[in-house]
Each structure stands twice: as C-alpha cells, then as structure tokens.
Amino acid sequence: MLKSKTFVRKTRSGGVMKIVREHYLRDDIWCGSEVCAECKQESTVLQRDACIESNLCSYPHYVIPDTNVVLHQVKSFLFCHPFFTFILLYNFYFSRETFIEREPGESANDRNDRAIRVAAQWYSQHLKTSESDADGLKVVLLTNDQGNKQKAEESGLLVYKCEEYIKSLIGNPELVDRLALSNDDKVLFPEHLPLSRIQAGIKSGAFVQGTFRASRDNYLEATVFVQGDGEESTEILIQGLQNLNRAVYQDVVAVQLLPQNQWVAPSSVVLQDEGAAKDDNEEEKEEDEEKAVNLKPTGKVVGIIKRNWRPFCGMLNISQIKESTRHLFTPADRRIPRIRIETRQASTLAGQRIMVAIDGWPKHSRYPNGHFVRSLGNAGEKDTEQEVLLLEHDVPHQDFSQAVLSFLPKMPWTITPEDMARREDLRNLTVCSVDPPGCTDIDDALHCRELNNGNLEVGVHIADVSHFIRPGNAMDREAANRGTTVYLCGKRIDMVPELLSSNLCSLRSNVERLAFSCIWEMNHEAEILKTRFTKSVINSKASLTYAEAQMRIDDTTKNDDITKSLRGLNKLAKILKRQRIQKGALTLSSLEVRFHIDSETHDPIDLQTKELMETNSMVEEFMLLANISVAQKIYDEFPDCAMLRKHPAPPPSNYDILLKAAKSKGVEIHTDTAKALADSLDVARVDGFPYFNTLLRILATRCMMQAVYFCSGMDSDFHHYGLASPIYTHFTSPIRRYADIIVHRLLAVAIAADSTYPDLMDKQKQSALANNLNYRHKMSQYAQRASVAFHTQLFFKSRGILNEEGFVLFVRKNAIIVLIPKFGLEGTVFFDAKDKAGPKLVFDEEGPTLNVEQHTFRIFDKVKVTISLDASNIQHQKIRMSLIDPVIPGVSVPAPEVEPQAKKPKLDH
C-alpha cells in the first residue's frame with residue numbers, strides 16, 4: 001500500500017460517514033517483451049522480430065503511443081497491427097515502478113503525459129539492463145503534443161510525432177493514407193454553431209440566413225444571397241477557406257457580417273483548385289487583393305442551417321501512394337470542393353466519370369469525406385458526357401413512366417364533333433408557322449388578312465396542350481416537375497411525351513390541330529382596335545423556316561396567300577418593334593452558335609454563329625404582343641393567382657463594367673432608365689470600329705437580372721424591364737414550358753372555355769410552382785450552355801490549332817477574357833504561370849486595365865489568338881487561347897501552321 005487517505009462526508013440524514021481510500025501498487029506486473037529475462041511471464045506480447053522498418057528508426061524498437069494518439073489514430077494502428085509492436089500503457093498506474101503522484105497545480109492531462117514519459121523511460125532502462133540479448137532494442141514514444149514532445153526530448157527519450165513516424169515507414173507507405181488528423185494542431189475550420197445559437201443570432205440580428213453560392217472562377221471566394229423583406233435582397237461576400245467554413249454550393253448557411261473595416265472587394269484573380277492531391281493540413285495561399293475599391297459587405301459562415309448535398313459527378317484522382325484506398329474525387333462542377341473517398345476500386349474507376357456523395361466535413365479536414373455511388377462511363381465519350389451534364393444540372397431525363405403514358409390519347413386520334421362544337425372553326429384561314437430548321441415541336445402559327453372594313457386581322461395560334469394534359473393526373477405532375485423542354489446539341493429532353501410534342505400538339509402543316517387563338521383587329525399603323533381569345537381548330541398551310549419565310553417576303557414574283565400574309569405580318573411587326581423601342585424596350589445581343597452535325601458520326605463538323613433575319617423579329621413581335629395581351633386578360637380576371645413573368649431592373653452597380661468599357665472608348669452610356677440605356681446604345685458608335693456597338697450590347701446583356709415567373713397575388717412589382725412592359729406572361733410555348741399550360745388554363749376559365757380547379761386559384765401553390773419553374777428554367781439554360789461547350793471542344797479537337805481575331809471582353813488581375821465573334825466563343829488568356837516566372841503584371845481596377853510588359857490591355861481591344869483544345873485535364877477539357885498579337889515577350893506564341901478546314905456540309909442538321 002502506497003498511501004491511505006481518510007475523510008468524512010455528511011449524509012442526507014445529517015449524520016457523518018467516514019471514508020477511507022487506500023492506493024495499492026504492484027511489483028509483479030511484467031513488461032511483456034520476448035527478449036526480457038528479468039520478468040517472469042507465461043506468454044509473449046511484445047515480439048522483437050515484428051518491428052517495422054523505418055527511415056527514422058533503423059534499429060529494432062517498440063512503439064509507445066500517448067493517449068491522444070491512441071484515441072485519434074486507433075484505425076491506423078489496428079490496420080497495421082501485423083507489422084509492428086506497440087505498447088499500450090493500461091497497467092502503468094498500478095505499477096510501483098511507473099506510478100507518479102499528481103503535483104500541486106498540475107492538470108490531469110499534464111500528469112497523464114508525464115506518467116507516459118516515465119513509463120517510456122522505465123521501459124528504455126528496463127530493456128537495457130535485461131540480462132537477455134536486448135542490444136539495439138529501443139523504445140519510441142509517439143505524441144502529437146508539442147509540449148509533451150519537447151519534455152520527452154529533454155528527458156533523453158526517442159520521440160516523434162505520429163505523422164512523422166508513419167511517413168518514415170519504408171515497407172508500408174499505404175499507412176500514410178490512413179492517418180487521421182489530430183485535433184490539437186490540425187483544426188482548419190472554426191466549429192459550426194449549434195442550431196439553437198444560430199436561431200437566436202438570426203432573431204437578434206447578429207447573424208443572417210442565406211444561400212451559399214460558390215464562385216466558378218475562384219475556389220477561395222463565394223457569396224451568400226440573403227432574401228430580405230419584400231423585394232429587398234443582398235449579397236454578402238465570403239473570402240478565404242476559414243470564412244467559407246465548409247459550406248458547399250447551395251447550402252443554407254448562417255453568416256456573421258464582419259466589421260466594415262474588414263470588408264473587401266471581389267477578387268479579380270482567376271483561381272481554381274485543380275492541383276495534385278494535397279494533405280489536409282497544407283495551407284492554401286490566398287491572393288493579396290487590393291481592397292480599397294468596390295468594397296462589398298463581407299462576412300463569415302458560422303453555421304450550416306440546411307445541407308443541400310446531392311450525388312456529384314466527376315472523376316477520381318488516384319493516390320500516388322501504392323495500394324492506398326483513400327483518394328480525392330474532383331467534381332465536374334468547379335463550385336463543389338474536392339471530396340475524399342475510400343475505395344478499393346480505384347484502378348477500375350480510373351478514367352471514368354463517377355458519382356460520389358458527401359457524408360460529412362470534419363473541421364480538421366481540408367476536404368469533405370464521401371463515398372462512391374456509381375459509375376457513369378468512360379470520360380470523354382459523348383453519351384457519358386451528356387449524362388453528366390444532365391445530372392449536374394438536375395434535368396429530369398428518365399423515360400416517361402407507364403403511369404404518364406397511360407394518359408396519352410389512343411391512336412389513331414381525330415378531332416371529335418364535341419371538340420368542334422366548343423371551338424371556333426378557323427381551318428379556312430391562311431395560317432402558317434415559321435421556326436428554326438428541323439423544328440418538330442411547332443407550338444405557334446400566325447395569320448394576317450385584310451378585313452372588309454380595310455383593317456387587318458392578325459392571329460397568333462398556339463397549340464392547345466392543356467386539352468391533352470388535364471390537371472392533377474400523372475402526366476400533368478410530370479410536366480410540372482420537368483418545367484421545361486431542354487434543348488441540347490443534337491438532342492431534346494421533352495417536357496411532355498413525344499406523341500404530343502412532335503405530333504398531336506405540333507402545329508404541322510396540312511393537318512387539323514387544336515389551338516388557342518389570340519386574334520386582334522388592327523389598323524395599318526399596328527394600333528389594336530379589338531382583341532379576342534378563342535379555342536379553335538386550325539389547319540396550317542405551311543411549315544416554314546425563317547430563311548424560307550424571308551425568301552418568300554423578298555421574292556417580288558410571289559403573290560400567293562401565304563406570302564401576302566407574311567408580308568402583312570412583317571410590315572406590322574416592324575411598326576410594333578419601333579413602338580416598343582420608343583417606350584424603352586432594350587435591344588440587346590448575345591452570340592448563339594449553330595453546329596453542323598455529321599449525319600453518320602453525329603460529330604460537329606462546322607460551327608458558326610446564328611444569323612438573325614427579319615422573320616426572326618417578325619415572329620418575336622407577335623409572340624410578345626400575344627403574351628402581353630393574355631397577361632392583362634388573366635390578371636384582370638384573377639388578380640390574386642395569375643401566373644406572370646417579370647424582369648427586375650438591375651441595381652446601378654451592375655452597370656459598372658458597361659460604363660467603364662464605354663468610357664474607355666470615349667462613349668457615354670446613361671442607365672437611369674431602360675429608355676435612357678436603349679437610347680444610349682442606339683447612338684454608341686466608334687469610328688473605324690464597326691463591331692463596337694454589338695460588343696457593347698453583349699456586355700449590357702451581362703448586366704441584366706434574370707426574368708422570373710411569379711404569382712400576381714404574392715408580389716406588387718409586375719414590370720418587365722427589358723420589354724418596357726407593365727405586365728407580361730408566357731402563353732406562346734405550352735409544348736415546351738409548363739408555365740404556358742397554367743396560363744392557358746387561366747385564360748380558358750376567363751373566357752368560359754374550361755372549368756377551374758382548387759390549385760389554380762391557390763396563390764400559395766401557384767407561387768411554389770413558379771419557384772420550381774424558375775429553377776428548372778435556369779438549370780435548362782446552364783445545361784444548354786454546357787452542351788454547346790462540349791460540342792465546341794469536339795469541334796476544335798478535330799481542327800488542331802486555329803488563328804482567329806477576337807476582342808477583349810473582360811480584364812482580370814492575371815488574365816483577359818477574349819470573345820471570338822466568328823464562333824461565338826469566349827476563352828481566357830492567362831499571363832501568370834505556375835511553373836515559371838511570369839511577366840510583370842499591373843492591374844488597375846478603375847480602368848479596368850492590365851499592363852503586361854509595357855503593353856496595356858483594355859476592354860474591347862482587338863487581339864489575335866491561337867485556339868486549341870487543352871485536354872491535359874480530361875474532366876475539365878477547355879478551349880485554350882494563347883496570344884499572338886499584340887506581341888509581348890515571354891507571352892506571345894508563334895503563329896502555327898493552320899490546317900485547312902473541312903468543307904461545310906450542305907444540310908444543317
């Protein structure tokens with residue numbers, strides 16, 4: 001017995017209880033080593049020949065891990081148990097040789113560390129004094145506590161950090177990948193606050209709640225969109241890994257606003273996390289941003305309110321460590337961080353597109369942890385890449401279920417006498433459709449004829465999809481979920497089954513079709529005298545392309561009914577457009593491309609920007625007019641539940657880049673109103689620079705806000721900024737937009753052509769539906785752009801290197817963004833290099849200008865570049881641009897030999 005301690009304690013009854021505590025120590029606890037002849041034991045625990053070989057410890061040795069190493073690295077040690085011998089000190093508190101008293105003021109943790117050091121010292125001496133052959137056998141202490149390590153070294157012990165020791169192992173490098181991170185000096189991120197504190201903070205105003213939006217161009221930057229009361233909303237800038245604090249794109253987060261003296265400006269650097277796999281404790285270098293201008297409200301993420309994780313598509317970065325099972329997964333979406341997963345299928349999955357789900361993100365890990373879900377196919381293959389872009393943009397693309405298909409009309413289908421009795425017979429009218437080449441889902445047609453009173457009758461006839469899709473059934477629910485048809489290059493993802501989209505609802509020529517018609521009586525100055533809406537039956541006399549319609553209008557030898565109708569429509573459309581522009585409607589510009597596809601291989605063999613004709617504008621004007629007329633009608637009838645579409649005015653700050661670009665060429669742009677902007681753009685010209693106005697309009701388009709659907713009873717601002725219209729909706733494309741089906745149903749009820757149903761008059765449900773439609777529309781646009789980008793890569797893959805002229809569209813701190821008008825293509829010319837010293841760069845935010853080796857780049861500067869496909873990263877293949885002209889030493893590359901392009905095909909598929 002070492003000592004005895006006696007004390008008294010009062011009982012609940014008021015009495016006194018005497019308590020005696022006695023501490024006994026043993027002198028018969030054996031060390032367990034096979035080489036020890038001093039201790040008497042029946043079995044061997046510590047085997048000398050099981051010691052693992054190490055660069056640090058080239059001699060036989062036992063390993064003593066301290067308590068924290070055992071707690072945090074138990075998985076590593078259990079995994080490698082067959083390879084080396086370690087000592088767990090579970091009896092040293094009861095051994096006479098290793099027991100120590102706790103000193104006054106000493107913490108329990110410090111006393112524990114000291115006891116382990118004493119035990120390690122005892123083992124070292126014990127084995128050294130053993131009569132057996134223990135020469136060269138040593139004891140190594142492992143600890144991740146710097147203070148403990150220093151005191152152990154002062155005591156003459158062999159001591160290493162756990163990570164340091166594991167990395168030194170010669171024969172078992174795979175153990176490095178199984179290292180867990182200690183919590184003492186490896187914490188990378190602040191602790192997330194509990195939900196109770198977050199809720200209290202939001203209530204008190206200390207925190208705000210918003211949606212986390214990671215940057216595509218800079219993985220160290222994000223914004224949090226905070227929806228305020230009414231129309232008020234703000235964006236808070238987040239910069240740096242710790243402030244991002246493990247939030248993932250689309251998470252709902254709690255943000256604490258930083259003091260105003262800590263606000264920063266958005267980064268002007270293009271910075272992407274695409275290097276080799278890094279250790280979790282590797283520090284990321286953040287760019288030193290100039291923060292004196294364009295400061296934004298800046299904050300930090302303090303907690304996660306709702307995770308919006310989904311399975312992500314991407315590729316595996318195979319670990320360089322032999323036989324490792326831990327690897328980094330790189331998502332296709334640059335806004336998603338890389339994910340650490342554990343799999344034994346790495347060699348099989350190499351080069352494949354796979355799906356991975358996130359399981360969690362510990363505060364000590366540079367990356368979140370996840371698991372493998374499924375393989376999608378080989379990277380680079382068209383079918384695989386198309387599947388990836390559909391999944392990444394959350395586009396519902398599965399085959400229609402039998403439950404949906406069961407609501408299709410039975411074939412052969414014909415218009416019944418009951419249908420005719422409830423509709424206006426317009427089959428005698430000279431109706432025709434005008435659409436892009438190859439269009440099969442024709443949902444609009446037009447007619448124009450002169451009336452006996454000298455006025456003109458103009459009709460817009462829209463496919464009556466709502467006749468076939470009835471509220472609440474499986475087909476209706478599926479269409480509402482899909483929201484929109486998605487048009488990819490060479491493929492269409494239909495919102496409704498093909499029997500409807502390309503046949504029964506499509507207003508093809510020379511077949512009878514059900515329609516919903518908007519008919520005006522106009523004078524020759526395009527003034528509307530009367531408007532009426534009717535369910536109808538039509539028989540289109542021609543299905544024309546824009547080019548075919550234009551040739552009819554321009555051909556003076558043609559004077560048939562279809563051509564006369566088109567000429568009348570075109571004449572009125574020009575007047576309508578002029579009237580819209582006078583009211584302040586914007587005429588903006590964006591470059592769309594069209595691929596010529598090989599009919600056998602389905603590869604793109606030519607790429608060109610779409611050419612717009614008068615007939616494009618003609619159709620657009622009457623579709624706009626129909627949408628405005630219907631919007632007013634359904635709002636007048638149903639002011640609380642009309643499905644409308646608005647386009648908010650951009651905040652003044654959105655125009656900063658446009659104003660700077662115009663000013664750099666001596667042009668002044670006014671943005672006080674839409675009309676002021678439109679008038680400014682109309683007169684914006686630069687001598688000797690004919691493309692300047694188009695570039696300016698392209699830039700103005702980038703300044704705009706997104707147009708959105710909304711329920712009239714849930715909002716008060718109906719204005720459509722771009723069209724300069726006080727009210728607007730979508731009525732003209734029900735085959736490909738579900739919003740139009742809702743508008744058709746409202747209009748049908750308004751003219752007593754159909755009955756209503758509860759959900760149609762429920763503004764809460766209409767508002768929720770509008771939110772889904774806005775989301776689906778946005779993701780559809782992103783998917784279409786991704787499809788164009790992929791086909792552009794395929795096109796340049798077969799072309800080698802091309803030389804083209806372009807214009808600087810944006811200036812960044814380390815790069816310029818160049819637009820190639822010929823292909824409608826944008827690319828980045830970088831001036832910094834990771835593997836070598838780059839040129840001297842001087843960036844001026846105010847210009848903005850970038851000075852590179854005495855040459856200054858400004859927005860809209862003309863440049864010449866080489867264009868090629870950079871396939872070094874198979875997942876993120878991209879168009880690479882290198883500067884040819886102006887010539888800058890160390891930056892410009894020699895102009896390559898350009899191979900002749902393939903002949904253009906005769907047909908545009």
# chains A, B, ... in the order shown; residues from 1 in each chain; ligands from 1
$ select_by_dssp --residues "region 550-750 of chain A" --states "strand (DSSP E or B)" --output "list in words"
Val593, Arg594, Phe595, His596, Ile597, Pro604, Ile605, Asp606, Leu607, Gln608, Thr609, Met643, Leu644, Arg645, Lys646, His647, Val708, Tyr709, Phe710, Cys711, His720, Ser725 and Arg737 of chain A
$ write_last_selection --atoms "C-alpha atoms" --output "PDB file, in the first residue's frame"
ATOM      1  CA  VAL A 593     -23.864  29.249 -82.236  1.00  0.00           C
ATOM      2  CA  ARG A 594     -25.178  26.555 -84.535  1.00  0.00           C
ATOM      3  CA  PHE A 595     -23.371  23.278 -85.141  1.00  0.00           C
ATOM      4  CA  HIS A 596     -23.418  21.445 -88.446  1.00  0.00           C
ATOM      5  CA  ILE A 597     -23.537  17.801 -87.404  1.00  0.00           C
ATOM      6  CA  PRO A 604     -19.788  18.626 -85.129  1.00  0.00           C
ATOM      7  CA  ILE A 605     -18.063  19.389 -88.429  1.00  0.00           C
ATOM      8  CA  ASP A 606     -18.721  23.122 -88.589  1.00  0.00           C
ATOM      9  CA  LEU A 607     -19.527  25.860 -86.135  1.00  0.00           C
ATOM     10  CA  GLN A 608     -20.954  29.286 -86.847  1.00  0.00           C
ATOM     11  CA  THR A 609     -22.957  32.000 -85.152  1.00  0.00           C
ATOM     12  CA  MET A 643     -49.053  33.366 -63.451  1.00  0.00           C
ATOM     13  CA  LEU A 644     -46.977  36.320 -64.667  1.00  0.00           C
ATOM     14  CA  ARG A 645     -43.355  36.954 -65.614  1.00  0.00           C
ATOM     15  CA  LYS A 646     -41.292  39.956 -64.574  1.00  0.00           C
ATOM     16  CA  HIS A 647     -37.830  41.269 -65.287  1.00  0.00           C
ATOM     17  CA  VAL A 708     -38.703  35.142 -63.298  1.00  0.00           C
ATOM     18  CA  TYR A 709     -42.205  33.700 -63.007  1.00  0.00           C
ATOM     19  CA  PHE A 710     -44.329  34.813 -60.052  1.00  0.00           C
ATOM     20  CA  CYS A 711     -47.895  34.700 -58.771  1.00  0.00           C
ATOM     21  CA  HIS A 720     -40.690  43.791 -67.299  1.00  0.00           C
ATOM     22  CA  SER A 725     -43.937  46.439 -70.433  1.00  0.00           C
ATOM     23  CA  ARG A 737     -42.956  25.392 -70.987  1.00  0.00           C
TER      24      ARG A 737
END
$ select_by_dssp --residues "region 704-908 of chain A" --states "alpha helix (DSSP H)" --output "VMD selection string"
chain A and resid 738 to 750 763 to 797
$ atom_distance --atom1 "CA of Cys518 (chain A)" --atom2 "CA of Ala724 (chain A)"
21.4 Å
$ atom_distance --atom1 "CA of Gln146 (chain A)" --atom2 "CA of Tyr160 (chain A)"
9.9 Å
$ residues_around --residues "Pro297 (chain A)" --least-positions-apart "5" --cutoff "7 Å" --atoms "only C-alpha atoms" --output "list in words"
Ile236, Leu237 and Trp263 of chain A
$ write_last_selection --atoms "C-alpha atoms" --output "PDB file, in the first residue's frame"
ATOM      1  CA  ILE A 236     -22.600  39.069 -48.715  1.00  0.00           C
ATOM      2  CA  LEU A 237     -19.077  38.345 -49.925  1.00  0.00           C
ATOM      3  CA  TRP A 263     -14.903  44.455 -45.886  1.00  0.00           C
TER       4      TRP A 263
END
$ residues_around --residues "Ala661 (chain A)" --least-positions-apart "3" --cutoff "12 Å" --atoms "only C-alpha atoms" --output "mmCIF file with C-alpha atoms, in the first residue's frame"
data_model
loop_
_atom_site.group_PDB
_atom_site.id
_atom_site.type_symbol
_atom_site.label_atom_id
_atom_site.label_comp_id
_atom_site.auth_asym_id
_atom_site.auth_seq_id
_atom_site.Cartn_x
_atom_site.Cartn_y
_atom_site.Cartn_z
ATOM 1 C CA TYR A 655 -23.652 48.650 -64.944
ATOM 2 C CA ASP A 656 -20.159 49.494 -63.657
ATOM 3 C CA ILE A 657 -18.343 47.328 -66.198
ATOM 4 C CA LEU A 658 -20.525 48.605 -69.063
ATOM 5 C CA SER A 664 -12.578 53.695 -72.396
ATOM 6 C CA LYS A 665 -13.668 54.408 -75.994
ATOM 7 C CA GLY A 666 -14.940 57.913 -75.260
ATOM 8 C CA VAL A 667 -18.636 56.877 -75.272
ATOM 9 C CA GLU A 668 -21.130 57.861 -72.582
ATOM 10 C CA ILE A 669 -23.899 55.486 -71.544
ATOM 11 C CA ALA A 684 -22.993 54.394 -79.335
ATOM 12 C CA PHE A 692 -18.188 48.212 -81.108
ATOM 13 C CA ASN A 693 -21.977 48.569 -80.772
ATOM 14 C CA LEU A 695 -19.850 44.312 -78.172
ATOM 15 C CA LEU A 696 -21.473 46.983 -76.053
ATOM 16 C CA ARG A 697 -24.864 45.280 -76.311
ATOM 17 C CA ILE A 698 -23.303 41.901 -75.445
ATOM 18 C CA LEU A 699 -21.810 43.495 -72.337
ATOM 19 C CA ALA A 700 -25.132 45.177 -71.497
ATOM 20 C CA VAL A 808 -11.122 41.632 -75.035
ATOM 21 C CA LEU A 809 -14.433 41.301 -73.207
ATOM 22 C CA PHE A 810 -13.182 41.434 -69.598
ATOM 23 C CA VAL A 811 -9.895 42.326 -67.924
ATOM 24 C CA GLU A 846 -10.683 51.625 -62.233
ATOM 25 C CA GLY A 847 -9.912 51.153 -65.936
ATOM 26 C CA PRO A 848 -10.083 48.307 -65.767
ATOM 27 C CA THR A 849 -6.700 47.816 -67.412
ATOM 28 C CA PHE A 857 -4.997 45.761 -72.285
ATOM 29 C CA ARG A 858 -8.417 47.393 -72.135
ATOM 30 C CA ILE A 859 -11.953 46.127 -72.698
ATOM 31 C CA PHE A 860 -12.814 45.827 -76.423
ATOM 32 C CA ASP A 861 -9.161 45.840 -77.520
#
$ atom_distance --atom1 "CA of Met522 (chain A)" --atom2 "CA of Ser712 (chain A)"
29.0 Å
$ residues_around --residues "Gly360 (chain A)" --least-positions-apart "2" --cutoff "7 Å" --atoms "only C-alpha atoms" --output "PDB file with N, CA and C atoms, in the first residue's frame"
ATOM      1  N   ILE A 358     -21.405  13.175 -50.612  1.00  0.00           N
ATOM      2  CA  ILE A 358     -20.697  13.659 -49.431  1.00  0.00           C
ATOM      3  C   ILE A 358     -21.345  13.084 -48.168  1.00  0.00           C
ATOM      4  N   PRO A 362     -15.460  17.106 -41.569  1.00  0.00           N
ATOM      5  CA  PRO A 362     -14.890  17.405 -40.250  1.00  0.00           C
ATOM      6  C   PRO A 362     -14.114  18.719 -40.261  1.00  0.00           C
ATOM      7  N   PRO A 368     -14.165  17.569 -47.716  1.00  0.00           N
ATOM      8  CA  PRO A 368     -15.206  16.720 -47.123  1.00  0.00           C
ATOM      9  C   PRO A 368     -14.947  15.253 -47.415  1.00  0.00           C
ATOM     10  N   ASN A 369     -15.549  14.384 -46.624  1.00  0.00           N
ATOM     11  CA  ASN A 369     -15.464  12.947 -46.832  1.00  0.00           C
ATOM     12  C   ASN A 369     -16.717  12.469 -47.548  1.00  0.00           C
ATOM     13  N   GLY A 370     -16.558  11.445 -48.393  1.00  0.00           N
ATOM     14  CA  GLY A 370     -17.711  10.944 -49.132  1.00  0.00           C
ATOM     15  C   GLY A 370     -17.546   9.489 -49.492  1.00  0.00           C
TER      16      GLY A 370
END
$ residues_around --residues "Phe312 (chain A)" --least-positions-apart "4" --cutoff "7 Å" --atoms "only C-alpha atoms" --output "PyMOL selection string"
chain A and resi 331+355-357+392
$ closest_residue --among "A:Val226, A:Ala474, A:Cys703, A:Leu158" --to "Ser401 (chain A)" --atoms "only C-alpha atoms"
A:Ala474
$ residues_around --residues "Leu514 (chain A)" --least-positions-apart "4" --cutoff "12 Å" --atoms "only C-alpha atoms" --output "compact mmCIF listing (two decimals) with C-alpha atoms, in the first residue's frame"
# COMPACT_ATOMS: atom_id res chain seq x y z
CA TRP A 413 -56.62 10.28 -82.88
CA THR A 414 -59.13 12.60 -84.55
CA ILE A 415 -60.94 15.79 -83.59
CA THR A 416 -64.40 14.81 -82.34
CA ASP A 419 -64.49 19.33 -79.81
CA MET A 420 -65.66 21.15 -82.92
CA ARG A 422 -66.92 24.01 -78.45
CA ARG A 423 -64.38 25.66 -80.75
CA GLU A 424 -64.19 28.25 -83.46
CA ASP A 425 -63.52 26.75 -86.88
CA LEU A 426 -60.52 28.64 -88.34
CA ARG A 427 -59.42 25.96 -90.80
CA ASP A 443 -46.31 25.38 -80.91
CA ASP A 444 -47.13 28.68 -82.66
CA ALA A 445 -48.52 29.75 -86.04
CA HIS A 461 -52.48 30.42 -82.82
CA ILE A 462 -50.92 28.36 -80.05
CA ALA A 463 -51.02 24.58 -79.61
CA ASP A 464 -53.77 23.66 -77.14
CA VAL A 465 -51.66 21.37 -74.97
CA SER A 466 -53.98 21.87 -71.98
CA HIS A 467 -56.66 19.94 -73.89
CA PHE A 468 -54.50 16.80 -73.63
CA LEU A 500 -47.83 15.20 -78.02
CA ASN A 503 -47.31 15.06 -83.30
CA LEU A 504 -50.73 15.78 -81.82
CA CYS A 505 -49.86 19.19 -80.34
CA SER A 506 -47.39 20.23 -83.03
CA LEU A 507 -48.99 22.69 -85.49
CA ARG A 508 -47.64 20.93 -88.55
CA THR A 534 -60.91 31.65 -78.51
CA LYS A 535 -60.33 27.91 -78.52
CA SER A 536 -60.06 26.95 -82.16
CA VAL A 537 -59.34 24.36 -84.83
CA ILE A 538 -56.76 25.32 -87.47
CA ASN A 539 -55.11 23.76 -90.49
CA SER A 540 -51.67 25.26 -91.13
$ closest_residue --among "A:Asn144, A:Leu681, A:Glu826, A:Gln854" --to "Leu71 (chain A)" --atoms "only C-alpha atoms"
A:Asn144
$ closest_atom_pairs --of "region 466-565 of chain A" --to "region 726-734 of chain A" --cutoff "10 Å" --atoms "only C-alpha atoms" --output "Markdown table"
| residue | atom | partner | partner_atom | distance |
| --- | --- | --- | --- | --- |
| A:Ser466 | CA | A:Pro734 | CA | 8.0 |
| A:Thr484 | CA | A:Pro734 | CA | 9.1 |
| A:Thr485 | CA | A:Pro734 | CA | 10.0 |
| A:Met495 | CA | A:Pro734 | CA | 9.6 |
| A:Val496 | CA | A:Pro734 | CA | 9.8 |
| A:Ser501 | CA | A:Pro734 | CA | 9.5 |
| A:Cys505 | CA | A:Pro734 | CA | 9.3 |
| A:Phe516 | CA | A:Thr732 | CA | 9.4 |
| A:Ser517 | CA | A:Thr732 | CA | 9.9 |
| A:Cys518 | CA | A:Thr732 | CA | 9.9 |
$ closest_residue --among "A:Glu478, A:Glu621, A:Asp870, A:Asp394" --to "Met779 (chain A)" --atoms "only C-alpha atoms"
A:Asp394
